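What follows is the content of start.cif (mmCIF, C-alpha atoms).
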```cif
data_query
#
loop_
_atom_site.label_atom_id
_atom_site.label_comp_id
_atom_site.auth_asym_id
_atom_site.auth_seq_id
_atom_site.Cartn_x
_atom_site.Cartn_y
_atom_site.Cartn_z
CA MET A 3 163.10 -73.10 -110.57
CA ASN A 4 159.88 -71.17 -110.21
CA ASP A 5 159.82 -67.42 -110.60
CA LEU A 6 159.17 -65.40 -107.45
CA LYS A 7 157.57 -61.96 -107.33
CA VAL A 8 157.51 -60.22 -103.94
CA LEU A 9 154.82 -57.60 -103.39
CA ALA A 10 154.66 -55.56 -100.19
CA TRP A 11 151.36 -53.89 -99.36
CA ALA A 12 151.99 -50.14 -99.46
CA ILE A 13 148.66 -48.62 -100.44
CA ASN A 14 149.03 -44.89 -99.99
CA GLU A 15 149.28 -41.82 -102.17
CA ASP A 16 152.50 -40.74 -100.42
CA ALA A 17 155.40 -42.77 -101.86
CA GLN A 18 157.97 -41.30 -99.47
CA LEU A 19 155.84 -42.15 -96.44
CA MET A 20 155.49 -45.74 -97.65
CA ARG A 21 159.24 -46.08 -98.23
CA GLU A 22 159.80 -44.88 -94.65
CA MET A 23 157.15 -47.20 -93.22
CA CYS A 24 158.54 -50.15 -95.17
CA ALA A 25 162.22 -49.36 -94.44
CA PRO A 26 162.87 -52.40 -92.18
CA LEU A 27 161.37 -54.72 -94.79
CA LEU A 28 163.35 -53.12 -97.60
CA GLU A 29 166.58 -53.28 -95.58
CA THR A 30 166.20 -57.01 -94.89
CA ALA A 31 165.19 -57.63 -98.50
CA GLU A 32 168.33 -55.86 -99.70
CA LYS A 33 170.45 -57.90 -97.26
CA HIS A 34 169.04 -61.11 -98.78
CA GLN A 35 169.10 -59.73 -102.35
CA VAL A 36 165.33 -59.97 -102.70
CA ASP A 37 163.61 -57.53 -105.04
CA VAL A 38 160.46 -56.14 -103.41
CA GLU A 39 157.83 -54.08 -105.17
CA LEU A 40 155.93 -51.68 -102.93
CA PHE A 41 152.45 -52.53 -104.13
CA GLY A 42 149.78 -49.86 -104.20
CA VAL A 43 151.97 -46.78 -103.91
CA GLY A 44 150.12 -43.85 -105.43
CA VAL A 45 146.69 -45.31 -104.64
CA LYS A 46 144.54 -43.62 -102.03
CA PHE A 47 143.92 -45.99 -99.12
CA VAL A 48 140.20 -46.46 -98.55
CA GLU A 49 139.87 -49.85 -96.85
CA HIS A 50 141.82 -53.07 -96.44
CA LYS A 51 139.48 -54.89 -98.82
CA GLN A 52 140.86 -52.85 -101.68
CA ARG A 53 143.95 -55.09 -101.45
CA VAL A 54 141.82 -57.92 -102.82
CA ARG A 55 140.67 -55.88 -105.82
CA LEU A 56 144.10 -54.36 -106.50
CA LEU A 57 145.87 -57.71 -106.44
CA ARG A 58 143.13 -59.35 -108.53
CA ASP A 59 143.48 -56.62 -111.15
CA TYR A 60 147.28 -56.84 -111.08
CA LEU A 61 147.32 -60.63 -111.49
CA SER A 62 144.67 -60.47 -114.23
CA ALA A 63 147.00 -58.23 -116.25
CA GLN A 64 150.06 -60.51 -115.96
CA PRO A 65 151.02 -62.36 -119.16
CA ARG A 66 151.94 -65.58 -117.33
CA LEU A 67 150.64 -66.76 -113.98
CA ALA A 68 151.02 -70.54 -114.06
CA GLY A 69 154.19 -71.59 -112.27
CA LYS A 70 155.00 -68.09 -111.02
CA ILE A 71 154.96 -67.70 -107.24
CA TYR A 72 153.83 -64.47 -105.63
CA LEU A 73 154.71 -63.54 -102.07
CA CYS A 74 152.41 -60.81 -100.75
CA LEU A 75 153.29 -59.32 -97.41
CA ASP A 76 152.59 -56.45 -95.11
CA GLY A 77 155.12 -53.77 -95.94
CA ALA A 78 155.14 -51.97 -92.60
CA ASP A 79 155.52 -54.90 -90.18
CA THR A 80 157.26 -57.72 -92.04
CA LEU A 81 160.88 -58.67 -92.57
CA VAL A 82 162.54 -60.87 -95.19
CA ASN A 83 164.34 -63.83 -93.63
CA GLY A 84 166.07 -65.42 -96.59
CA GLY A 85 166.85 -65.14 -100.27
CA GLU A 86 164.47 -65.87 -103.11
CA THR A 87 165.68 -69.46 -103.49
CA GLN A 88 165.07 -70.09 -99.78
CA GLN A 89 161.63 -68.45 -99.92
CA VAL A 90 160.58 -70.56 -102.89
CA GLN A 91 161.92 -73.77 -101.35
CA ARG A 92 160.11 -73.11 -98.04
CA PHE A 93 156.91 -72.66 -100.01
CA LEU A 94 157.44 -75.75 -102.17
CA ASP A 95 158.16 -77.83 -99.06
CA GLN A 96 154.59 -77.09 -97.90
CA LYS A 97 153.18 -78.95 -100.94
CA THR A 98 150.29 -76.57 -101.42
CA SER A 99 149.14 -74.04 -104.00
CA ILE A 100 148.51 -71.23 -101.50
CA LEU A 101 150.12 -70.74 -98.09
CA ILE A 102 148.66 -68.20 -95.69
CA SER A 103 150.33 -66.74 -92.64
CA ALA A 104 148.76 -67.62 -89.32
CA GLU A 105 148.41 -65.28 -86.37
CA ARG A 106 147.49 -65.63 -82.72
CA SER A 107 144.39 -63.44 -82.65
CA PHE A 108 141.06 -64.03 -84.31
CA THR A 109 140.55 -60.51 -85.64
CA HIS A 110 138.30 -58.92 -88.24
CA GLN A 111 136.64 -62.22 -89.11
CA PHE A 112 133.23 -63.77 -88.70
CA GLU A 113 132.74 -65.54 -85.38
CA LEU A 114 130.72 -68.31 -87.06
CA PHE A 115 133.93 -69.51 -88.82
CA ARG A 116 136.12 -69.47 -85.71
CA GLU A 117 135.48 -72.99 -84.38
CA ARG A 118 137.26 -74.67 -87.26
CA PHE A 119 140.42 -72.63 -86.63
CA ASP A 120 140.21 -73.10 -82.85
CA GLY A 121 140.87 -76.81 -83.46
CA ILE A 122 144.35 -76.19 -84.90
CA ASP A 123 147.00 -77.30 -82.41
CA SER A 124 149.07 -74.12 -82.35
CA SER A 125 148.85 -70.67 -80.84
CA TYR A 126 149.22 -69.46 -84.47
CA ARG A 127 145.93 -70.77 -85.89
CA TYR A 128 144.01 -67.85 -87.37
CA VAL A 129 144.15 -66.38 -90.88
CA ASN A 130 146.46 -63.40 -91.40
CA ALA A 131 145.25 -61.90 -94.68
CA GLY A 132 148.22 -59.54 -94.95
CA THR A 133 150.86 -62.16 -95.71
CA PHE A 134 150.50 -65.11 -98.05
CA MET A 135 152.11 -66.74 -101.04
CA GLY A 136 151.07 -68.98 -103.86
CA TYR A 137 150.98 -69.67 -107.55
CA GLY A 138 149.61 -66.70 -109.48
CA ASP A 139 146.77 -68.56 -111.16
CA ASP A 140 145.62 -70.07 -107.85
CA LEU A 141 145.83 -66.71 -106.10
CA LEU A 142 143.77 -65.11 -108.85
CA ARG A 143 141.04 -67.75 -108.40
CA MET A 144 141.13 -67.22 -104.63
CA LEU A 145 140.75 -63.45 -105.00
CA GLU A 146 137.90 -63.82 -107.47
CA ASP A 147 136.16 -66.24 -105.09
CA MET A 148 136.66 -63.78 -102.22
CA LEU A 149 135.12 -60.94 -104.20
CA GLU A 150 132.19 -63.16 -105.16
CA MET A 151 131.67 -64.03 -101.46
CA ASP A 152 131.72 -60.32 -100.67
CA THR A 153 128.58 -59.84 -102.75
CA ARG A 154 126.76 -62.23 -100.39
CA MET A 155 128.37 -61.36 -97.05
CA ALA A 156 130.23 -58.03 -97.00
CA ALA A 157 133.53 -58.18 -95.15
CA ASN A 158 137.04 -56.77 -95.05
CA ASP A 159 139.98 -58.68 -96.58
CA GLN A 160 140.61 -60.63 -93.35
CA GLY A 161 136.98 -61.71 -93.12
CA LEU A 162 136.83 -62.68 -96.79
CA MET A 163 140.03 -64.69 -96.63
CA GLY A 164 138.88 -66.32 -93.38
CA MET A 165 135.66 -67.45 -95.10
CA TRP A 166 137.56 -68.69 -98.14
CA VAL A 167 140.09 -70.66 -96.06
CA HIS A 168 137.28 -72.03 -93.89
CA ARG A 169 135.69 -73.52 -97.02
CA LYS A 170 138.98 -74.95 -98.34
CA ILE A 171 140.93 -75.95 -95.20
CA ASP A 172 140.27 -79.66 -95.83
CA GLN A 173 142.08 -79.36 -99.18
CA PRO A 174 145.76 -78.96 -98.14
CA ARG A 175 147.03 -79.31 -101.70
CA GLN A 176 145.02 -76.16 -102.47
CA VAL A 177 145.55 -74.07 -99.32
CA LYS A 178 147.28 -74.31 -95.97
CA LEU A 179 147.82 -72.06 -93.02
CA ASP A 180 151.32 -71.86 -91.56
CA PRO A 181 150.57 -72.57 -87.85
CA GLY A 182 154.10 -73.87 -87.25
CA CYS A 183 155.55 -70.57 -88.54
CA GLU A 184 157.77 -72.54 -90.92
CA VAL A 185 157.54 -69.86 -93.61
CA PHE A 186 155.93 -66.83 -91.92
CA LEU A 187 156.17 -65.49 -88.39
CA ASP A 188 153.58 -63.04 -87.16
CA THR A 189 154.68 -61.41 -83.91
#
```

Show me this structure written as structure tokens.
Amino acid sequence: MNDLKVLAWAINEDAQLMREMCAPLLETAEKHQVDVELFGVGVKFVEHKQRVRLLRDYLSAQPRLAGKIYLCLDGADTLVNGGETQQVQRFLDQKTSILISAERSFTHQFELFRERFDGIDSSYRYVNAGTFMGYGDDLLRMLEDMLEMDTRMAANDQGLMGMWVHRKIDQPRQVKLDPGCEVFLDT
């Protein structure tokens, strides 16, 4: 079985505030016996794009990425809906290296990339950069690509991920959105 590491975005200097904001997530994680690391606690929040750099740096420092699955999710507005074995199996069933949550609204992205997502037959068709999962080595490559794209076309994390997915969407073994909400549900 693949290892799973669950990271919840909690970028803020105030650890107590983040524990309070992430309480529903942590409660559901405890119910399903899922260990969640509040990721970014102690770091001053500047912009959402810093998530890309923080996660890239974190993954770069890990001794083993190949085969390890990372689930990254919004700490303040996400719940855990199953144990680690269920989470891993849901991911593996998608037969992809990276799975990205889909949402209903096209927000914080570049309009020129929208048409490709508009063609997805679901009301959940747009990239949600806050919640995704994948193999560590593939996520690291994605994050590095996103930061490289940022040097050419400055964007926030949602815009960068939208550009990256737009380029790769025809490669489902590499990346997929979850428009059927089979793994993630964005309300």

What does the distance between atom CA of A:Pro174 and atom CA of A:Asp123 come to in Å, to one decimal place?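 Separation of atom CA of A:Pro174 and atom CA of A:Asp123: 15.9 Å.
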
Determine the nearest neighbour of A:Leu56 from the options A:Gln176, A:Gly121, A:Pro181, A:Leu149, counting all atoms listed in the file. A:Leu149

Evaluate the PyMOL selection byres ((chain A and resi 146) around 12) and report residues as a PyMOL selection string: chain A and resi 54-59+61-62+139-145+147-153+162-163+166

Measuring atom to atom with only C-alpha atoms, identify which of A:Phe134, A:Phe186, A:Trp11, A:Tyr126 is nearest to A:Val43.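 Counting only C-alpha atoms, the residue closest to A:Val43 is A:Trp11.
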
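Proximity of A:Gly138, A:Gly85, A:Gly44, A:Pro26 to A:Tyr60, computed with all atoms listed in the file, is greatest for A:Gly138.
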
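Residues matched by the PyMOL selection byres ((chain A and resi 135) around 7) in this structure: A:Ile71, A:Tyr72, A:Leu73, A:Cys74, A:Ile100, A:Leu101, A:Ile102, A:Phe134, A:Gly136.
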